[in-house]
Amino acid sequence: MLKSFKTRLNLNNQQRTLVAKHAGVARHAWNWGLEICLDALANNLKLPTAIDLHKRLVAEVKSVNPWYYEVSKCAPQEALRHLQKAFQSSFTILGRGKPKF
């Protein structure tokens with residue numbers, strides 16, 4: 001027999017705001033990285049890894065968007081890792097298509 005547990009987070013206003021900021025930064029990093037990867041595919045270039053994307057993100061995007069520094073550095077890193085996994089799985093599974101914005 002399988003059991004499952006439901007967990008509910010009771011966040012206060014400050015925590016709710018911080019969670020929303022992390023989600024926003026992750027979403028921005030995903031969309032930015034996806035644009036870079038789709039441009040690379042369109043130009044028949046090598047697909048950048050998550051590490052390459054993060055280095056480029058730090059150099060280009062973080063200096064322009066100071067709100068990136070309000071959250072943990074792990075939020076954009078994980079988003080870019082998930083983007084890399086999405087591209088890898090889209091290439092290994094036929095008919096799956098490209099990741100979306």
# chains A, B, ... in the order shown; residues from 1 in each chain; ligands from 1
>>> residues_around(residues="stretch 15-19 of chain A", least_positions_apart="6", cutoff="10 Å", atoms="only C-alpha atoms", output="PyMOL selection string")
chain A and resi 9+70-72
>>> select_by_dssp(residues="chain A", states="alpha helix (DSSP H)", output="short mmCIF file (atom, residue, chain, number, x, y, z; two decimals) with all heavy atoms, in the first residue's frame")
data_model
loop_
_atom_site.label_atom_id
_atom_site.label_comp_id
_atom_site.auth_asym_id
_atom_site.auth_seq_id
_atom_site.Cartn_x
_atom_site.Cartn_y
_atom_site.Cartn_z
N ASN A 13 3.65 37.36 5.14
CA ASN A 13 3.76 38.25 3.98
C ASN A 13 5.19 38.38 3.47
O ASN A 13 5.43 38.41 2.27
CB ASN A 13 3.20 39.64 4.31
CG ASN A 13 1.69 39.63 4.39
OD1 ASN A 13 1.04 38.75 3.83
ND2 ASN A 13 1.13 40.59 5.11
N GLN A 14 6.15 38.45 4.38
CA GLN A 14 7.55 38.59 3.98
C GLN A 14 8.02 37.34 3.24
O GLN A 14 8.69 37.43 2.21
CB GLN A 14 8.41 38.84 5.21
CG GLN A 14 9.87 39.07 4.89
CD GLN A 14 10.69 39.29 6.16
OE1 GLN A 14 10.22 39.07 7.26
NE2 GLN A 14 11.93 39.71 5.97
N GLN A 15 7.66 36.18 3.74
CA GLN A 15 8.05 34.93 3.09
C GLN A 15 7.36 34.77 1.75
O GLN A 15 7.96 34.30 0.78
CB GLN A 15 7.70 33.74 4.00
CG GLN A 15 8.54 33.67 5.25
CD GLN A 15 7.99 32.68 6.25
OE1 GLN A 15 6.78 32.43 6.30
NE2 GLN A 15 8.88 32.12 7.06
N ARG A 16 6.09 35.16 1.67
CA ARG A 16 5.35 35.07 0.41
C ARG A 16 6.00 35.96 -0.65
O ARG A 16 6.12 35.57 -1.82
CB ARG A 16 3.90 35.49 0.65
CG ARG A 16 2.93 34.88 -0.31
CD ARG A 16 1.49 35.18 0.07
NE ARG A 16 1.04 34.28 1.13
CZ ARG A 16 0.53 34.68 2.29
NH1 ARG A 16 0.36 35.95 2.55
NH2 ARG A 16 0.15 33.80 3.19
N THR A 17 6.43 37.15 -0.25
CA THR A 17 7.11 38.06 -1.17
C THR A 17 8.42 37.48 -1.64
O THR A 17 8.76 37.55 -2.83
CB THR A 17 7.35 39.42 -0.48
OG1 THR A 17 6.11 39.94 -0.06
CG2 THR A 17 8.03 40.40 -1.41
N LEU A 18 9.18 36.88 -0.74
CA LEU A 18 10.47 36.30 -1.10
C LEU A 18 10.31 35.11 -2.04
O LEU A 18 11.08 34.96 -2.99
CB LEU A 18 11.22 35.88 0.17
CG LEU A 18 12.71 35.58 0.02
CD1 LEU A 18 13.45 36.76 -0.59
CD2 LEU A 18 13.31 35.21 1.35
N VAL A 19 9.29 34.29 -1.82
CA VAL A 19 9.02 33.16 -2.72
C VAL A 19 8.67 33.67 -4.11
O VAL A 19 9.13 33.15 -5.13
CB VAL A 19 7.91 32.27 -2.14
CG1 VAL A 19 7.38 31.30 -3.17
CG2 VAL A 19 8.42 31.52 -0.92
N ALA A 20 7.86 34.73 -4.17
CA ALA A 20 7.47 35.30 -5.46
C ALA A 20 8.68 35.89 -6.19
O ALA A 20 8.79 35.77 -7.41
CB ALA A 20 6.40 36.36 -5.26
N LYS A 21 9.59 36.52 -5.46
CA LYS A 21 10.80 37.06 -6.07
C LYS A 21 11.67 35.94 -6.64
O LYS A 21 12.20 36.06 -7.75
CB LYS A 21 11.61 37.87 -5.06
CG LYS A 21 11.02 39.22 -4.76
CD LYS A 21 11.90 39.98 -3.78
CE LYS A 21 11.32 41.33 -3.44
NZ LYS A 21 12.19 42.08 -2.53
N HIS A 22 11.83 34.85 -5.90
CA HIS A 22 12.61 33.72 -6.39
C HIS A 22 12.00 33.14 -7.65
O HIS A 22 12.71 32.82 -8.61
CB HIS A 22 12.73 32.64 -5.30
CG HIS A 22 13.82 32.88 -4.32
ND1 HIS A 22 13.67 33.74 -3.26
CD2 HIS A 22 15.07 32.39 -4.23
CE1 HIS A 22 14.78 33.76 -2.56
NE2 HIS A 22 15.66 32.95 -3.13
N ALA A 23 10.67 33.00 -7.65
CA ALA A 23 10.00 32.46 -8.83
C ALA A 23 10.16 33.39 -10.03
O ALA A 23 10.37 32.94 -11.16
CB ALA A 23 8.52 32.24 -8.53
N GLY A 24 10.10 34.69 -9.80
CA GLY A 24 10.26 35.66 -10.89
C GLY A 24 11.66 35.64 -11.48
O GLY A 24 11.83 35.70 -12.71
N VAL A 25 12.66 35.54 -10.63
CA VAL A 25 14.04 35.48 -11.12
C VAL A 25 14.27 34.18 -11.89
O VAL A 25 14.90 34.18 -12.95
CB VAL A 25 15.03 35.62 -9.94
CG1 VAL A 25 16.44 35.23 -10.34
CG2 VAL A 25 15.02 37.04 -9.42
N ALA A 26 13.74 33.08 -11.38
CA ALA A 26 13.89 31.81 -12.07
C ALA A 26 13.21 31.85 -13.44
O ALA A 26 13.75 31.37 -14.43
CB ALA A 26 13.33 30.68 -11.22
N ARG A 27 12.02 32.43 -13.49
CA ARG A 27 11.29 32.54 -14.77
C ARG A 27 12.05 33.41 -15.75
O ARG A 27 12.18 33.09 -16.94
CB ARG A 27 9.90 33.11 -14.52
CG ARG A 27 9.05 33.22 -15.75
CD ARG A 27 7.65 33.70 -15.42
NE ARG A 27 7.62 34.84 -14.55
CZ ARG A 27 7.62 36.12 -14.96
NH1 ARG A 27 7.63 36.39 -16.24
NH2 ARG A 27 7.58 37.09 -14.09
N HIS A 28 12.61 34.53 -15.28
CA HIS A 28 13.38 35.41 -16.15
C HIS A 28 14.62 34.71 -16.68
O HIS A 28 14.96 34.81 -17.86
CB HIS A 28 13.76 36.69 -15.40
CG HIS A 28 14.46 37.69 -16.25
ND1 HIS A 28 15.82 37.72 -16.38
CD2 HIS A 28 13.98 38.68 -17.04
CE1 HIS A 28 16.16 38.71 -17.20
NE2 HIS A 28 15.05 39.30 -17.61
N ALA A 29 15.32 33.99 -15.80
CA ALA A 29 16.53 33.27 -16.22
C ALA A 29 16.19 32.19 -17.23
O ALA A 29 16.92 32.00 -18.22
CB ALA A 29 17.23 32.66 -15.00
N TRP A 30 15.09 31.46 -17.03
CA TRP A 30 14.66 30.42 -17.97
C TRP A 30 14.39 31.04 -19.34
O TRP A 30 14.88 30.56 -20.35
CB TRP A 30 13.41 29.72 -17.44
CG TRP A 30 12.74 28.82 -18.43
CD1 TRP A 30 11.90 29.20 -19.44
CD2 TRP A 30 12.87 27.40 -18.56
NE1 TRP A 30 11.49 28.10 -20.16
CE2 TRP A 30 12.07 26.98 -19.63
CE3 TRP A 30 13.57 26.45 -17.83
CZ2 TRP A 30 11.96 25.65 -20.00
CZ3 TRP A 30 13.46 25.12 -18.21
CH2 TRP A 30 12.67 24.74 -19.28
N ASN A 31 13.60 32.10 -19.38
CA ASN A 31 13.25 32.72 -20.66
C ASN A 31 14.47 33.32 -21.35
O ASN A 31 14.61 33.21 -22.57
CB ASN A 31 12.18 33.80 -20.46
CG ASN A 31 10.83 33.20 -20.14
OD1 ASN A 31 10.55 32.05 -20.46
ND2 ASN A 31 9.99 33.97 -19.48
N TRP A 32 15.36 33.92 -20.59
CA TRP A 32 16.58 34.47 -21.16
C TRP A 32 17.45 33.35 -21.73
O TRP A 32 17.94 33.45 -22.86
CB TRP A 32 17.35 35.26 -20.09
CG TRP A 32 18.66 35.76 -20.56
CD1 TRP A 32 18.91 36.92 -21.24
CD2 TRP A 32 19.93 35.11 -20.40
NE1 TRP A 32 20.26 37.03 -21.50
CE2 TRP A 32 20.90 35.94 -21.00
CE3 TRP A 32 20.33 33.93 -19.80
CZ2 TRP A 32 22.24 35.59 -21.02
CZ3 TRP A 32 21.67 33.60 -19.82
CH2 TRP A 32 22.61 34.44 -20.42
N GLY A 33 17.62 32.28 -20.97
CA GLY A 33 18.43 31.15 -21.43
C GLY A 33 17.81 30.45 -22.63
O GLY A 33 18.52 30.02 -23.54
N LEU A 34 16.49 30.36 -22.64
CA LEU A 34 15.80 29.73 -23.77
C LEU A 34 16.02 30.53 -25.05
O LEU A 34 16.26 29.96 -26.11
CB LEU A 34 14.31 29.60 -23.47
CG LEU A 34 13.45 28.95 -24.54
CD1 LEU A 34 13.94 27.53 -24.83
CD2 LEU A 34 12.00 28.94 -24.11
N GLU A 35 15.98 31.85 -24.94
CA GLU A 35 16.23 32.69 -26.12
C GLU A 35 17.65 32.48 -26.64
O GLU A 35 17.85 32.37 -27.86
CB GLU A 35 16.02 34.16 -25.75
CG GLU A 35 16.17 35.10 -26.91
CD GLU A 35 15.96 36.55 -26.52
OE1 GLU A 35 15.63 36.82 -25.35
OE2 GLU A 35 16.13 37.41 -27.39
N ILE A 36 18.63 32.39 -25.75
CA ILE A 36 20.01 32.17 -26.15
C ILE A 36 20.14 30.80 -26.84
O ILE A 36 20.78 30.67 -27.89
CB ILE A 36 20.95 32.23 -24.92
CG1 ILE A 36 20.88 33.60 -24.25
CG2 ILE A 36 22.39 31.88 -25.30
CD1 ILE A 36 21.34 34.75 -25.09
N CYS A 37 19.51 29.78 -26.27
CA CYS A 37 19.61 28.43 -26.83
C CYS A 37 18.91 28.33 -28.19
O CYS A 37 19.43 27.69 -29.11
CB CYS A 37 19.01 27.41 -25.87
SG CYS A 37 19.99 27.16 -24.39
N LEU A 38 17.76 28.95 -28.32
CA LEU A 38 17.06 28.92 -29.61
C LEU A 38 17.83 29.67 -30.69
O LEU A 38 17.85 29.26 -31.85
CB LEU A 38 15.65 29.48 -29.46
CG LEU A 38 14.68 28.64 -28.63
CD1 LEU A 38 13.34 29.33 -28.51
CD2 LEU A 38 14.54 27.24 -29.19
N ASP A 39 18.50 30.78 -30.31
CA ASP A 39 19.36 31.48 -31.27
C ASP A 39 20.52 30.61 -31.70
O ASP A 39 20.91 30.60 -32.87
CB ASP A 39 19.88 32.79 -30.67
CG ASP A 39 18.81 33.87 -30.58
OD1 ASP A 39 17.77 33.73 -31.26
OD2 ASP A 39 19.02 34.84 -29.84
N ALA A 40 21.10 29.87 -30.75
CA ALA A 40 22.21 28.97 -31.08
C ALA A 40 21.75 27.87 -32.03
O ALA A 40 22.47 27.53 -32.99
CB ALA A 40 22.80 28.37 -29.80
N LEU A 41 20.57 27.32 -31.79
CA LEU A 41 20.05 26.29 -32.69
C LEU A 41 19.74 26.84 -34.07
O LEU A 41 19.99 26.18 -35.08
CB LEU A 41 18.79 25.66 -32.10
CG LEU A 41 18.98 24.73 -30.91
CD1 LEU A 41 17.63 24.29 -30.37
CD2 LEU A 41 19.82 23.54 -31.30
N ALA A 42 19.20 28.05 -34.12
CA ALA A 42 18.87 28.66 -35.41
C ALA A 42 20.11 28.94 -36.24
O ALA A 42 20.07 28.89 -37.47
CB ALA A 42 18.08 29.95 -35.20
N ALA A 50 24.43 24.64 -19.05
CA ALA A 50 23.90 25.46 -17.97
C ALA A 50 24.99 26.32 -17.34
O ALA A 50 24.75 27.47 -16.96
CB ALA A 50 23.24 24.58 -16.91
N ILE A 51 26.19 25.78 -17.26
CA ILE A 51 27.31 26.54 -16.69
C ILE A 51 27.68 27.71 -17.59
O ILE A 51 27.91 28.83 -17.12
CB ILE A 51 28.52 25.61 -16.45
CG1 ILE A 51 28.16 24.56 -15.39
CG2 ILE A 51 29.75 26.40 -16.03
CD1 ILE A 51 29.17 23.46 -15.24
N ASP A 52 27.72 27.46 -18.91
CA ASP A 52 28.01 28.54 -19.85
C ASP A 52 26.95 29.63 -19.77
O ASP A 52 27.26 30.83 -19.79
CB ASP A 52 28.07 28.01 -21.29
CG ASP A 52 29.19 27.01 -21.50
OD1 ASP A 52 30.19 27.08 -20.75
OD2 ASP A 52 29.06 26.16 -22.40
N LEU A 53 25.70 29.21 -19.69
CA LEU A 53 24.60 30.17 -19.60
C LEU A 53 24.69 30.98 -18.31
O LEU A 53 24.45 32.19 -18.32
CB LEU A 53 23.25 29.46 -19.68
CG LEU A 53 22.85 28.94 -21.04
CD1 LEU A 53 21.57 28.11 -20.93
CD2 LEU A 53 22.64 30.08 -22.02
N HIS A 54 25.04 30.33 -17.21
CA HIS A 54 25.12 31.06 -15.95
C HIS A 54 26.26 32.07 -15.95
O HIS A 54 26.12 33.19 -15.46
CB HIS A 54 25.28 30.10 -14.77
CG HIS A 54 25.21 30.80 -13.45
ND1 HIS A 54 26.31 31.08 -12.70
CD2 HIS A 54 24.15 31.32 -12.78
CE1 HIS A 54 25.95 31.73 -11.61
NE2 HIS A 54 24.65 31.88 -11.63
N LYS A 55 27.40 31.70 -16.52
CA LYS A 55 28.51 32.65 -16.62
C LYS A 55 28.11 33.86 -17.45
O LYS A 55 28.42 35.00 -17.11
CB LYS A 55 29.73 31.97 -17.23
CG LYS A 55 30.41 30.99 -16.30
CD LYS A 55 31.59 30.33 -16.98
CE LYS A 55 32.24 29.31 -16.08
NZ LYS A 55 33.36 28.61 -16.73
N ARG A 56 27.41 33.60 -18.53
CA ARG A 56 26.95 34.69 -19.40
C ARG A 56 25.88 35.52 -18.70
O ARG A 56 25.85 36.74 -18.84
CB ARG A 56 26.42 34.10 -20.70
CG ARG A 56 26.18 35.10 -21.76
CD ARG A 56 25.95 34.41 -23.08
NE ARG A 56 25.41 35.36 -24.03
CZ ARG A 56 25.00 35.07 -25.24
NH1 ARG A 56 25.09 33.83 -25.68
NH2 ARG A 56 24.51 35.98 -26.03
N LEU A 57 25.02 34.88 -17.94
CA LEU A 57 23.98 35.59 -17.18
C LEU A 57 24.61 36.54 -16.18
O LEU A 57 24.18 37.70 -16.06
CB LEU A 57 23.09 34.58 -16.46
CG LEU A 57 21.96 35.17 -15.63
CD1 LEU A 57 20.70 35.26 -16.47
CD2 LEU A 57 21.71 34.34 -14.40
N VAL A 58 25.61 36.08 -15.46
CA VAL A 58 26.28 36.93 -14.48
C VAL A 58 26.95 38.12 -15.16
O VAL A 58 26.88 39.25 -14.68
CB VAL A 58 27.31 36.11 -13.66
CG1 VAL A 58 28.18 37.01 -12.82
CG2 VAL A 58 26.60 35.08 -12.80
N ALA A 59 27.57 37.88 -16.30
CA ALA A 59 28.28 38.95 -17.00
C ALA A 59 27.34 39.96 -17.65
O ALA A 59 27.60 41.17 -17.60
CB ALA A 59 29.19 38.34 -18.07
N GLU A 60 26.23 39.49 -18.23
CA GLU A 60 25.38 40.37 -19.02
C GLU A 60 24.13 40.86 -18.28
O GLU A 60 23.78 42.03 -18.37
CB GLU A 60 24.93 39.66 -20.30
CG GLU A 60 26.05 39.32 -21.24
CD GLU A 60 25.56 38.52 -22.43
OE1 GLU A 60 24.33 38.39 -22.62
OE2 GLU A 60 26.42 38.02 -23.17
N CYS A 74 20.92 30.48 -6.27
CA CYS A 74 20.47 29.15 -6.69
C CYS A 74 19.24 29.20 -7.58
O CYS A 74 19.02 28.28 -8.38
CB CYS A 74 20.19 28.28 -5.48
SG CYS A 74 21.64 28.00 -4.46
N ALA A 75 18.43 30.24 -7.46
CA ALA A 75 17.19 30.32 -8.25
C ALA A 75 17.48 30.35 -9.76
O ALA A 75 16.95 29.52 -10.50
CB ALA A 75 16.37 31.52 -7.83
N PRO A 76 18.34 31.25 -10.25
CA PRO A 76 18.62 31.22 -11.69
C PRO A 76 19.47 30.01 -12.10
O PRO A 76 19.31 29.49 -13.21
CB PRO A 76 19.35 32.53 -11.96
CG PRO A 76 19.88 32.97 -10.66
CD PRO A 76 18.95 32.44 -9.63
N GLN A 77 20.34 29.54 -11.21
CA GLN A 77 21.16 28.38 -11.55
C GLN A 77 20.30 27.15 -11.78
O GLN A 77 20.49 26.42 -12.76
CB GLN A 77 22.16 28.09 -10.42
CG GLN A 77 23.33 29.02 -10.36
CD GLN A 77 24.25 28.72 -9.19
OE1 GLN A 77 23.94 27.91 -8.32
NE2 GLN A 77 25.39 29.38 -9.16
N GLU A 78 19.34 26.91 -10.90
CA GLU A 78 18.46 25.75 -11.06
C GLU A 78 17.58 25.89 -12.29
O GLU A 78 17.33 24.91 -12.99
CB GLU A 78 17.60 25.56 -9.81
CG GLU A 78 18.32 24.91 -8.66
CD GLU A 78 18.85 23.53 -8.99
OE1 GLU A 78 18.12 22.71 -9.57
OE2 GLU A 78 20.02 23.26 -8.67
N ALA A 79 17.13 27.10 -12.57
CA ALA A 79 16.30 27.31 -13.77
C ALA A 79 17.10 26.96 -15.03
O ALA A 79 16.57 26.33 -15.95
CB ALA A 79 15.80 28.74 -13.82
N LEU A 80 18.36 27.36 -15.06
CA LEU A 80 19.19 27.06 -16.23
C LEU A 80 19.53 25.57 -16.31
O LEU A 80 19.62 25.01 -17.40
CB LEU A 80 20.45 27.92 -16.21
CG LEU A 80 20.21 29.42 -16.35
CD1 LEU A 80 21.50 30.20 -16.18
CD2 LEU A 80 19.55 29.75 -17.67
N ARG A 81 19.68 24.91 -15.16
CA ARG A 81 19.90 23.46 -15.16
C ARG A 81 18.67 22.74 -15.69
O ARG A 81 18.77 21.79 -16.46
CB ARG A 81 20.23 22.97 -13.76
CG ARG A 81 21.64 23.26 -13.32
CD ARG A 81 21.96 22.58 -12.01
NE ARG A 81 23.14 23.17 -11.46
CZ ARG A 81 23.21 23.81 -10.29
NH1 ARG A 81 22.14 23.92 -9.54
NH2 ARG A 81 24.33 24.33 -9.87
N HIS A 82 17.50 23.19 -15.28
CA HIS A 82 16.27 22.58 -15.76
C HIS A 82 16.08 22.83 -17.25
O HIS A 82 15.57 21.96 -17.97
CB HIS A 82 15.06 23.11 -14.98
CG HIS A 82 15.03 22.64 -13.57
ND1 HIS A 82 14.43 23.35 -12.55
CD2 HIS A 82 15.54 21.53 -12.97
CE1 HIS A 82 14.56 22.71 -11.41
NE2 HIS A 82 15.24 21.60 -11.65
N LEU A 83 16.51 23.99 -17.72
CA LEU A 83 16.44 24.28 -19.16
C LEU A 83 17.34 23.32 -19.93
O LEU A 83 16.94 22.79 -20.97
CB LEU A 83 16.84 25.73 -19.43
CG LEU A 83 16.86 26.17 -20.88
CD1 LEU A 83 15.45 26.13 -21.47
CD2 LEU A 83 17.43 27.57 -21.00
N GLN A 84 18.54 23.08 -19.43
CA GLN A 84 19.45 22.15 -20.09
C GLN A 84 18.85 20.75 -20.12
O GLN A 84 18.91 20.07 -21.15
CB GLN A 84 20.79 22.14 -19.36
CG GLN A 84 21.81 21.22 -20.01
CD GLN A 84 23.15 21.22 -19.28
OE1 GLN A 84 23.32 21.85 -18.25
NE2 GLN A 84 24.10 20.49 -19.82
N LYS A 85 18.25 20.32 -19.02
CA LYS A 85 17.61 19.00 -18.99
C LYS A 85 16.43 18.94 -19.96
O LYS A 85 16.19 17.90 -20.59
CB LYS A 85 17.13 18.67 -17.58
CG LYS A 85 18.24 18.33 -16.63
CD LYS A 85 17.70 18.02 -15.25
CE LYS A 85 18.84 17.84 -14.27
NZ LYS A 85 18.34 17.59 -12.91
N ALA A 86 15.70 20.03 -20.09
CA ALA A 86 14.57 20.06 -21.02
C ALA A 86 15.05 19.90 -22.46
O ALA A 86 14.43 19.18 -23.25
CB ALA A 86 13.79 21.36 -20.86
N PHE A 87 16.14 20.56 -22.81
CA PHE A 87 16.69 20.41 -24.16
C PHE A 87 17.23 19.01 -24.38
O PHE A 87 17.04 18.43 -25.45
CB PHE A 87 17.78 21.45 -24.44
CG PHE A 87 17.25 22.70 -25.06
CD1 PHE A 87 17.15 23.86 -24.32
CD2 PHE A 87 16.85 22.73 -26.38
CE1 PHE A 87 16.66 25.02 -24.88
CE2 PHE A 87 16.36 23.88 -26.96
CZ PHE A 87 16.26 25.03 -26.21
N GLN A 88 17.90 18.44 -23.38
CA GLN A 88 18.42 17.09 -23.53
C GLN A 88 17.29 16.08 -23.72
O GLN A 88 17.38 15.21 -24.57
CB GLN A 88 19.24 16.70 -22.30
CG GLN A 88 20.58 17.39 -22.23
CD GLN A 88 21.30 17.13 -20.92
OE1 GLN A 88 20.74 16.62 -19.97
NE2 GLN A 88 22.57 17.51 -20.87
N SER A 89 16.23 16.22 -22.96
CA SER A 89 15.12 15.27 -23.10
C SER A 89 14.36 15.51 -24.40
O SER A 89 13.82 14.57 -24.98
CB SER A 89 14.18 15.36 -21.91
OG SER A 89 13.51 16.60 -21.90
N SER A 90 14.32 16.74 -24.89
CA SER A 90 13.62 16.99 -26.16
C SER A 90 14.40 16.41 -27.34
O SER A 90 13.80 16.06 -28.35
CB SER A 90 13.39 18.49 -26.36
OG SER A 90 14.60 19.15 -26.64
N PHE A 91 15.70 16.29 -27.20
CA PHE A 91 16.50 15.71 -28.28
C PHE A 91 16.51 14.18 -28.21
O PHE A 91 16.66 13.51 -29.22
CB PHE A 91 17.92 16.23 -28.26
CG PHE A 91 18.02 17.68 -28.65
CD1 PHE A 91 18.82 18.55 -27.94
CD2 PHE A 91 17.32 18.18 -29.73
CE1 PHE A 91 18.91 19.89 -28.29
CE2 PHE A 91 17.41 19.52 -30.09
CZ PHE A 91 18.21 20.37 -29.37
N THR A 92 16.36 13.62 -27.00
CA THR A 92 16.42 12.16 -26.88
C THR A 92 15.07 11.51 -27.14
O THR A 92 15.01 10.40 -27.63
CB THR A 92 16.92 11.75 -25.49
OG1 THR A 92 16.09 12.32 -24.50
CG2 THR A 92 18.36 12.19 -25.27
#
>>> atom_distance(atom1="atom CA of A:Thr49", atom2="atom CA of A:Tyr68")
20.5 Å
>>> atom_distance(atom1="atom CA of A:Tyr69", atom2="atom CA of A:Arg8")
28.0 Å
>>> atom_distance(atom1="atom CA of A:Thr7", atom2="atom CA of A:Lys73")
25.7 Å
